[in-house]
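J.: Structure: upload.cif, mmCIF, C-alpha atoms.
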```
data_start
#
loop_
_atom_site.group_PDB
_atom_site.id
_atom_site.type_symbol
_atom_site.label_atom_id
_atom_site.label_comp_id
_atom_site.auth_asym_id
_atom_site.auth_seq_id
_atom_site.Cartn_x
_atom_site.Cartn_y
_atom_site.Cartn_z
ATOM 1 C CA MET A 2 -8.741 -28.281 25.071
ATOM 2 C CA ALA A 3 -7.251 -25.330 26.983
ATOM 3 C CA LEU A 4 -4.892 -24.598 24.099
ATOM 4 C CA SER A 5 -7.749 -24.487 21.588
ATOM 5 C CA ARG A 6 -9.663 -22.060 23.831
ATOM 6 C CA LEU A 7 -6.588 -19.865 24.093
ATOM 7 C CA LEU A 8 -6.181 -19.862 20.313
ATOM 8 C CA LEU A 9 -9.860 -19.005 19.885
ATOM 9 C CA LEU A 10 -9.520 -16.151 22.381
ATOM 10 C CA CYS A 11 -6.470 -14.809 20.537
ATOM 11 C CA MET A 12 -8.313 -14.955 17.211
ATOM 12 C CA VAL A 13 -11.323 -13.096 18.632
ATOM 13 C CA ALA A 14 -9.107 -10.511 20.310
ATOM 14 C CA SER A 15 -7.219 -9.876 17.077
ATOM 15 C CA GLU A 16 -10.484 -9.424 15.164
ATOM 16 C CA VAL A 17 -11.781 -6.951 17.763
ATOM 17 C CA TRP A 18 -8.515 -5.018 17.584
ATOM 18 C CA ASP A 19 -8.730 -4.901 13.782
ATOM 19 C CA ALA A 20 -12.291 -3.582 13.972
ATOM 20 C CA GLU A 21 -11.130 -0.632 16.064
ATOM 21 C CA THR A 22 -7.983 0.341 14.201
ATOM 22 C CA LYS A 23 -7.441 3.968 13.332
ATOM 23 C CA PRO A 24 -5.701 5.587 10.363
ATOM 24 C CA ILE A 25 -2.686 6.324 12.583
ATOM 25 C CA ASP A 26 -2.305 2.544 13.020
ATOM 26 C CA PHE A 27 -1.831 2.345 9.242
ATOM 27 C CA VAL A 28 0.816 5.068 9.447
ATOM 28 C CA CYS A 29 2.658 3.225 12.201
ATOM 29 C CA ASN A 30 2.601 -0.224 10.593
ATOM 30 C CA ARG A 31 4.744 -0.609 7.476
ATOM 31 C CA ALA A 32 3.704 -4.252 7.124
ATOM 32 C CA ALA A 33 0.035 -3.227 6.946
ATOM 33 C CA ARG A 34 0.903 -0.712 4.240
ATOM 34 C CA ARG A 35 2.688 -3.396 2.222
ATOM 35 C CA VAL A 36 -0.283 -5.764 2.550
ATOM 36 C CA LEU A 37 -2.778 -3.134 1.379
ATOM 37 C CA ASN A 38 -0.773 -2.557 -1.813
ATOM 38 C CA ILE A 39 -2.273 -5.286 -4.014
ATOM 39 C CA VAL A 40 -0.907 -4.017 -7.317
ATOM 40 C CA ALA A 41 1.435 -6.999 -7.798
ATOM 41 C CA GLU A 42 -1.505 -9.396 -7.301
ATOM 42 C CA MET A 43 -3.578 -7.367 -9.752
ATOM 43 C CA GLU A 44 -0.802 -7.377 -12.353
ATOM 44 C CA SER A 45 -0.651 -11.152 -12.039
ATOM 45 C CA ALA A 46 -4.442 -11.398 -12.411
ATOM 46 C CA LEU A 47 -4.233 -9.054 -15.406
ATOM 47 C CA SER A 48 -2.037 -11.533 -17.256
ATOM 48 C CA ASP A 49 -4.975 -13.975 -17.023
ATOM 49 C CA CYS A 50 -7.309 -11.334 -18.543
ATOM 50 C CA ASN A 51 -5.544 -10.562 -21.824
ATOM 51 C CA ALA A 52 -8.734 -9.136 -23.311
ATOM 52 C CA VAL A 53 -8.760 -6.190 -20.893
ATOM 53 C CA MET A 54 -5.194 -4.997 -21.398
ATOM 54 C CA THR A 55 -6.562 -2.113 -23.487
ATOM 55 C CA LEU A 56 -9.410 -0.036 -22.109
ATOM 56 C CA SER A 57 -12.143 1.347 -24.370
ATOM 57 C CA THR A 58 -11.529 4.950 -23.257
ATOM 58 C CA PRO A 59 -8.490 6.565 -21.652
ATOM 59 C CA VAL A 60 -8.238 6.867 -17.874
ATOM 60 C CA GLN A 61 -6.618 9.903 -16.283
ATOM 61 C CA LEU A 62 -3.489 8.831 -14.448
ATOM 62 C CA PRO A 63 -2.558 9.942 -10.932
ATOM 63 C CA CYS A 64 0.211 12.453 -10.327
ATOM 64 C CA THR A 65 3.170 10.341 -9.247
ATOM 65 C CA GLU A 66 6.112 12.690 -9.716
ATOM 66 C CA LEU A 67 7.782 13.500 -6.412
ATOM 67 C CA HIS A 68 10.023 16.555 -6.329
ATOM 68 C CA VAL A 69 11.606 16.083 -2.918
ATOM 69 C CA ALA A 70 12.456 19.744 -2.269
ATOM 70 C CA SER A 71 8.958 21.033 -3.046
ATOM 71 C CA TRP A 72 7.356 18.034 -1.290
ATOM 72 C CA GLU A 73 9.272 18.757 1.916
ATOM 73 C CA ASN A 74 8.074 22.389 1.815
ATOM 74 C CA LYS A 75 4.413 21.332 1.766
ATOM 75 C CA SER A 76 2.368 20.958 4.944
ATOM 76 C CA TYR A 77 0.983 17.564 5.906
ATOM 77 C CA GLN A 78 -2.439 18.829 4.813
ATOM 78 C CA GLU A 79 -1.103 19.784 1.356
ATOM 79 C CA ARG A 80 0.684 16.442 0.934
ATOM 80 C CA ARG A 81 -2.441 14.540 1.886
ATOM 81 C CA GLY A 82 -4.510 16.730 -0.446
ATOM 82 C CA ASP A 83 -2.146 15.998 -3.332
ATOM 83 C CA ILE A 84 -2.457 12.223 -2.782
ATOM 84 C CA ILE A 85 -6.226 12.342 -2.239
ATOM 85 C CA ALA A 86 -6.725 14.366 -5.432
ATOM 86 C CA SER A 87 -4.720 11.790 -7.420
ATOM 87 C CA LEU A 88 -6.638 8.883 -5.883
ATOM 88 C CA ARG A 89 -9.997 10.560 -6.575
ATOM 89 C CA LEU A 90 -9.008 11.244 -10.169
ATOM 90 C CA LEU A 91 -8.047 7.616 -10.639
ATOM 91 C CA ILE A 92 -11.096 6.135 -8.902
ATOM 92 C CA GLU A 93 -13.456 8.201 -11.053
ATOM 93 C CA GLY A 94 -11.791 6.862 -14.201
ATOM 94 C CA VAL A 95 -11.928 3.300 -12.890
ATOM 95 C CA LYS A 96 -15.646 3.658 -12.057
ATOM 96 C CA VAL A 97 -16.377 4.847 -15.603
ATOM 97 C CA MET A 98 -14.367 1.989 -17.109
ATOM 98 C CA ARG A 99 -16.097 -0.565 -14.889
ATOM 99 C CA ALA A 100 -19.519 0.797 -15.885
ATOM 100 C CA LEU A 101 -18.599 0.500 -19.580
ATOM 101 C CA SER A 102 -17.131 -2.996 -19.260
ATOM 102 C CA THR A 103 -18.939 -6.218 -19.942
ATOM 103 C CA PRO A 104 -19.081 -8.600 -16.964
ATOM 104 C CA GLY A 105 -16.091 -10.855 -16.640
ATOM 105 C CA CYS A 106 -12.484 -10.952 -15.560
ATOM 106 C CA GLY A 107 -11.790 -7.340 -16.488
ATOM 107 C CA THR A 108 -14.796 -6.017 -14.585
ATOM 108 C CA SER A 109 -13.857 -7.902 -11.432
ATOM 109 C CA LEU A 110 -10.298 -6.603 -11.724
ATOM 110 C CA LEU A 111 -11.568 -3.031 -12.059
ATOM 111 C CA GLN A 112 -13.836 -3.586 -9.032
ATOM 112 C CA ARG A 113 -10.868 -4.780 -6.972
ATOM 113 C CA LEU A 114 -8.886 -1.745 -8.061
ATOM 114 C CA GLU A 115 -11.760 0.583 -7.168
ATOM 115 C CA ASN A 116 -12.126 -1.045 -3.731
ATOM 116 C CA ASN A 117 -8.399 -0.794 -3.082
ATOM 117 C CA ILE A 118 -8.269 2.887 -4.059
ATOM 118 C CA ASN A 119 -11.297 3.518 -1.844
ATOM 119 C CA ASN A 120 -9.515 1.882 1.115
ATOM 120 C CA TYR A 121 -6.642 4.341 0.753
ATOM 121 C CA LEU A 122 -9.095 7.244 0.446
ATOM 122 C CA VAL A 123 -10.875 6.241 3.658
ATOM 123 C CA ILE A 124 -7.599 5.996 5.554
ATOM 124 C CA LEU A 125 -6.287 9.331 4.268
ATOM 125 C CA THR A 126 -9.508 11.291 4.730
ATOM 126 C CA HIS A 127 -9.880 10.067 8.321
ATOM 127 C CA LEU A 128 -6.254 10.707 9.281
ATOM 128 C CA GLN A 129 -6.194 13.410 11.945
ATOM 129 C CA LEU A 130 -3.900 16.282 10.996
ATOM 130 C CA SER A 131 -3.452 19.628 12.706
ATOM 131 C CA GLY A 132 -3.550 22.875 10.784
ATOM 132 C CA PRO A 133 -5.942 24.366 8.286
ATOM 133 C CA VAL A 134 -7.870 21.973 6.064
ATOM 134 C CA GLU A 135 -6.593 22.120 2.497
ATOM 135 C CA THR A 136 -8.753 21.478 -0.548
ATOM 136 C CA PRO A 137 -7.262 18.472 -2.361
ATOM 137 C CA SER A 138 -5.521 19.588 -5.530
ATOM 138 C CA LEU A 139 -3.427 17.876 -8.176
ATOM 139 C CA SER A 140 0.267 18.659 -8.431
ATOM 140 C CA CYS A 141 0.408 17.945 -12.168
ATOM 141 C CA VAL A 142 -1.552 17.965 -15.379
ATOM 142 C CA PRO A 143 -2.769 14.352 -15.515
ATOM 143 C CA LEU A 144 -1.789 12.142 -18.402
ATOM 144 C CA ARG A 145 -4.212 9.614 -19.908
ATOM 145 C CA SER A 146 -3.799 5.977 -20.824
ATOM 146 C CA GLN A 147 -5.907 3.188 -22.276
ATOM 147 C CA SER A 148 -3.532 0.533 -20.981
ATOM 148 C CA LEU A 149 -4.657 -1.106 -17.750
ATOM 149 C CA SER A 150 -1.074 -2.176 -17.065
ATOM 150 C CA THR A 151 -0.012 1.496 -17.288
ATOM 151 C CA VAL A 152 -2.834 2.470 -14.935
ATOM 152 C CA LEU A 153 -1.640 -0.160 -12.439
ATOM 153 C CA LEU A 154 1.974 0.954 -12.846
ATOM 154 C CA ARG A 155 1.118 4.596 -12.101
ATOM 155 C CA TYR A 156 -1.116 3.579 -9.193
ATOM 156 C CA ASN A 157 1.745 1.554 -7.737
ATOM 157 C CA GLN A 158 4.104 4.509 -8.205
ATOM 158 C CA LEU A 159 1.660 6.710 -6.276
ATOM 159 C CA ILE A 160 1.323 4.209 -3.425
ATOM 160 C CA SER A 161 4.994 3.284 -3.131
ATOM 161 C CA GLY A 162 6.195 6.822 -3.840
ATOM 162 C CA LYS A 163 4.200 9.786 -2.576
ATOM 163 C CA LEU A 164 1.939 7.857 -0.217
ATOM 164 C CA GLU A 165 4.782 5.890 1.366
ATOM 165 C CA LYS A 166 6.917 9.034 1.723
ATOM 166 C CA PHE A 167 3.956 10.752 3.401
ATOM 167 C CA MET A 168 3.501 7.806 5.788
ATOM 168 C CA ILE A 169 7.208 7.781 6.671
ATOM 169 C CA ASN A 170 7.069 11.540 7.358
ATOM 170 C CA MET A 171 4.065 10.914 9.637
ATOM 171 C CA GLU A 172 5.735 8.129 11.649
ATOM 172 C CA ASP A 173 6.929 10.644 14.250
ATOM 173 C CA ARG A 174 3.284 10.733 15.409
ATOM 174 C CA CYS A 175 3.271 7.026 16.236
ATOM 175 C CA PRO A 176 2.722 6.208 19.911
ATOM 176 C CA HIS A 177 5.819 3.956 20.119
ATOM 177 C CA LYS A 178 8.174 6.701 18.887
#
```
Any chance you could give the structure as structure tokens?

T.:
Amino acid sequence: MALSRLLLLCMVASEVWDAETKPIDFVCNRAARRVLNIVAEMESALSDCNAVMTLSTPVQLPCTELHVASWENKSYQERRGDIIASLRLLIEGVKVMRALSTPGCGTSLLQRLENNINNYLVILTHLQLSGPVETPSLSCVPLRSQSLSTVLLRYNQLISGKLEKFMINMEDRCPHK
């Protein structure tokens, strides 16, 4: 009986902690970043939705190229702005595609993608950074694709490339460091 109460207390405490997490907690927790990247799950779900492999209109792809020398010369604000601009570009395309899609497997997959992109946008826009606020801007001329697998590939490259590099650069702000 006492053990079950202790387990219940631990579960409640963990839920309360999760409800009060801050964007810096995301920066400081690599495991949380890995869990939020659901691209592999979406690619697996995509194989079950063969009909939606090709989208009816092209989606603009995020800027994923990372030139290390120029990236290192950017401020944290500029890096965040680059990633936010790419995520916003992608989420707008996904919203249009979802609106044009007929209900079914493809629509639910696009909704999951939109929700996941939005989660990253919320974290990045609420991340406290010092210095002047930069207007988000793209670091490339976006390409377009009608292939949902290509969209997922480029999204994964953005998350595991630029976003992860940005998070690693920010880890010096973690309380345990």

J.: Mind pulling up the distance from atom CA of A:Thr151 to atom CA of A:Arg113?

T.: 16.2 Å

J.: Would you compute the distance between atom CA of A:Ala86 and atom CA of A:Thr136? Give it in Å to one decimal.

T.: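 Pair atom CA of A:Ala86 / atom CA of A:Thr136 returns 8.9 Å.
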
J.: Hey, which of A:Gln129, A:Ser138, A:Gln147, A:Gln61 ends up closest to A:Leu91? Count only C-alpha atoms.

T.: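 Looking only at the distances to A:Leu91, the closest residue turns out to be A:Gln61.
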
J.: So that I can see what lies close to A:Leu139, please list as a list in words the residues with an atom at most 8 Å from it, counting all atoms listed in the file and leaving out residues fewer than 2 positions away in the same chain.

T.: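 These residues fall inside the cut-off: Cys64, Gly82, Asp83, Ile84, Ala86, Ser87, Pro137, Cys141 and Val142 of chain A.
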
J.: Go through A:Gly162, A:Pro59, A:Pro176, A:Gly107 one by one, measure the shortest atom-to-atom distance of each to A:Pro143 using only C-alpha atoms, and give the residue with the smallest value.

T.: A:Pro59

J.: Which of these, A:Ala70, A:Leu101, A:Leu125, A:Leu62, has the shortest distance to A:Glu165 once you count all atoms listed in the file?

T.: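 Of all the options, A:Leu125 lies closest to A:Glu165.
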
J.: Which one of A:Ala32, A:Ile124, A:Val152, A:Ala41 sits closest to A:Leu90 if you count only C-alpha atoms?

T.: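 Under the stated criterion, the closest residue is A:Val152.
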
J.: Atom CA of A:Arg34 and atom CA of A:Leu114 are how many Å apart?

T.: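 Calculated distance between atom CA of A:Arg34 and atom CA of A:Leu114 is 15.8 Å.
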
J.: So, with all atoms listed in the file as the atoms that count, which of A:Val40, A:Val123, A:Met171, A:Val60 lies closest to A:Lys96?

T.: A:Val60

J.: From the set A:Ile39, A:Ile85, A:Met54, A:Val28, which residue has the shortest atom-to-atom contact distance to A:Ser140, counting all atoms listed in the file?

T.: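 Using all atoms listed in the file, the shortest distance to A:Ser140 belongs to A:Ile85.
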
J.: Would you translate the PyMOL selection byres ((chain A and resi 177) around 12) into the concrete set of residues it matches in this file, as a count of residues only?

T.: 11

J.: Extract, using only C-alpha atoms, all DNA, RNA and protein residues at most 7 Å from A:Thr65, discarding same-chain residues fewer than 4 positions from it, and format them as a VMD selection string.

T.: chain A and resid 155 158 to 159 163

J.: I'd like the residues picked by the PyMOL selection byres ((chain A and resi 78) around 10) written out as a list in words, using the chain letters and numbers from the file.

T.: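 What the PyMOL selection byres ((chain A and resi 78) around 10) grabs from the file is Lys75, Ser76, Tyr77, Glu79, Arg80, Arg81, Gly82, Asp83, Gln129, Leu130, Ser131, Gly132, Pro133, Val134, Glu135, Thr136 and Pro137 of chain A.
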
J.: Determine the residue membership of the PyMOL selection byres ((chain A and resi 43) around 10) for the file above and supply it as a compact mmCIF listing (two decimals) with C-alpha atoms, keeping the file's coordinate frame.

T.:
```txt
# COMPACT_ATOMS: atom_id res chain seq x y z
CA ASN A 38 -0.77 -2.56 -1.81
CA ILE A 39 -2.27 -5.29 -4.01
CA VAL A 40 -0.91 -4.02 -7.32
CA ALA A 41 1.44 -7.00 -7.80
CA GLU A 42 -1.50 -9.40 -7.30
CA GLU A 44 -0.80 -7.38 -12.35
CA SER A 45 -0.65 -11.15 -12.04
CA ALA A 46 -4.44 -11.40 -12.41
CA LEU A 47 -4.23 -9.05 -15.41
CA SER A 48 -2.04 -11.53 -17.26
CA ASP A 49 -4.97 -13.98 -17.02
CA LEU A 110 -10.30 -6.60 -11.72
CA LEU A 111 -11.57 -3.03 -12.06
CA ARG A 113 -10.87 -4.78 -6.97
CA LEU A 114 -8.89 -1.74 -8.06
CA SER A 150 -1.07 -2.18 -17.07
CA LEU A 153 -1.64 -0.16 -12.44
```

J.: For a quick check of your reading of the model, name the residues lying within 6 Å of the coordinate (-10.4, 9.7, 10.4), counting only C-alpha atoms, and write them as an mmCIF file with C-alpha atoms, in the frame of the given file.

T.:
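Writing the result to out.cif gives the following:
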```cif
data_model
loop_
_atom_site.group_PDB
_atom_site.id
_atom_site.type_symbol
_atom_site.label_atom_id
_atom_site.label_comp_id
_atom_site.auth_asym_id
_atom_site.auth_seq_id
_atom_site.Cartn_x
_atom_site.Cartn_y
_atom_site.Cartn_z
ATOM 1 C CA THR A 126 -9.508 11.291 4.730
ATOM 2 C CA HIS A 127 -9.880 10.067 8.321
ATOM 3 C CA LEU A 128 -6.254 10.707 9.281
ATOM 4 C CA GLN A 129 -6.194 13.410 11.945
#
```

J.: With 8 Å on each side, where is the centre of the axis-aligned box around all listed atoms of stretch 56-69 of chain A, and how long are its edges in Å to one decimal, as lines of an AutoDock Vina configuration file?

T.:
```
center_x = -0.3
center_y = 8.3
center_z = -13.6
size_x = 39.7
size_y = 32.6
size_z = 37.5
```
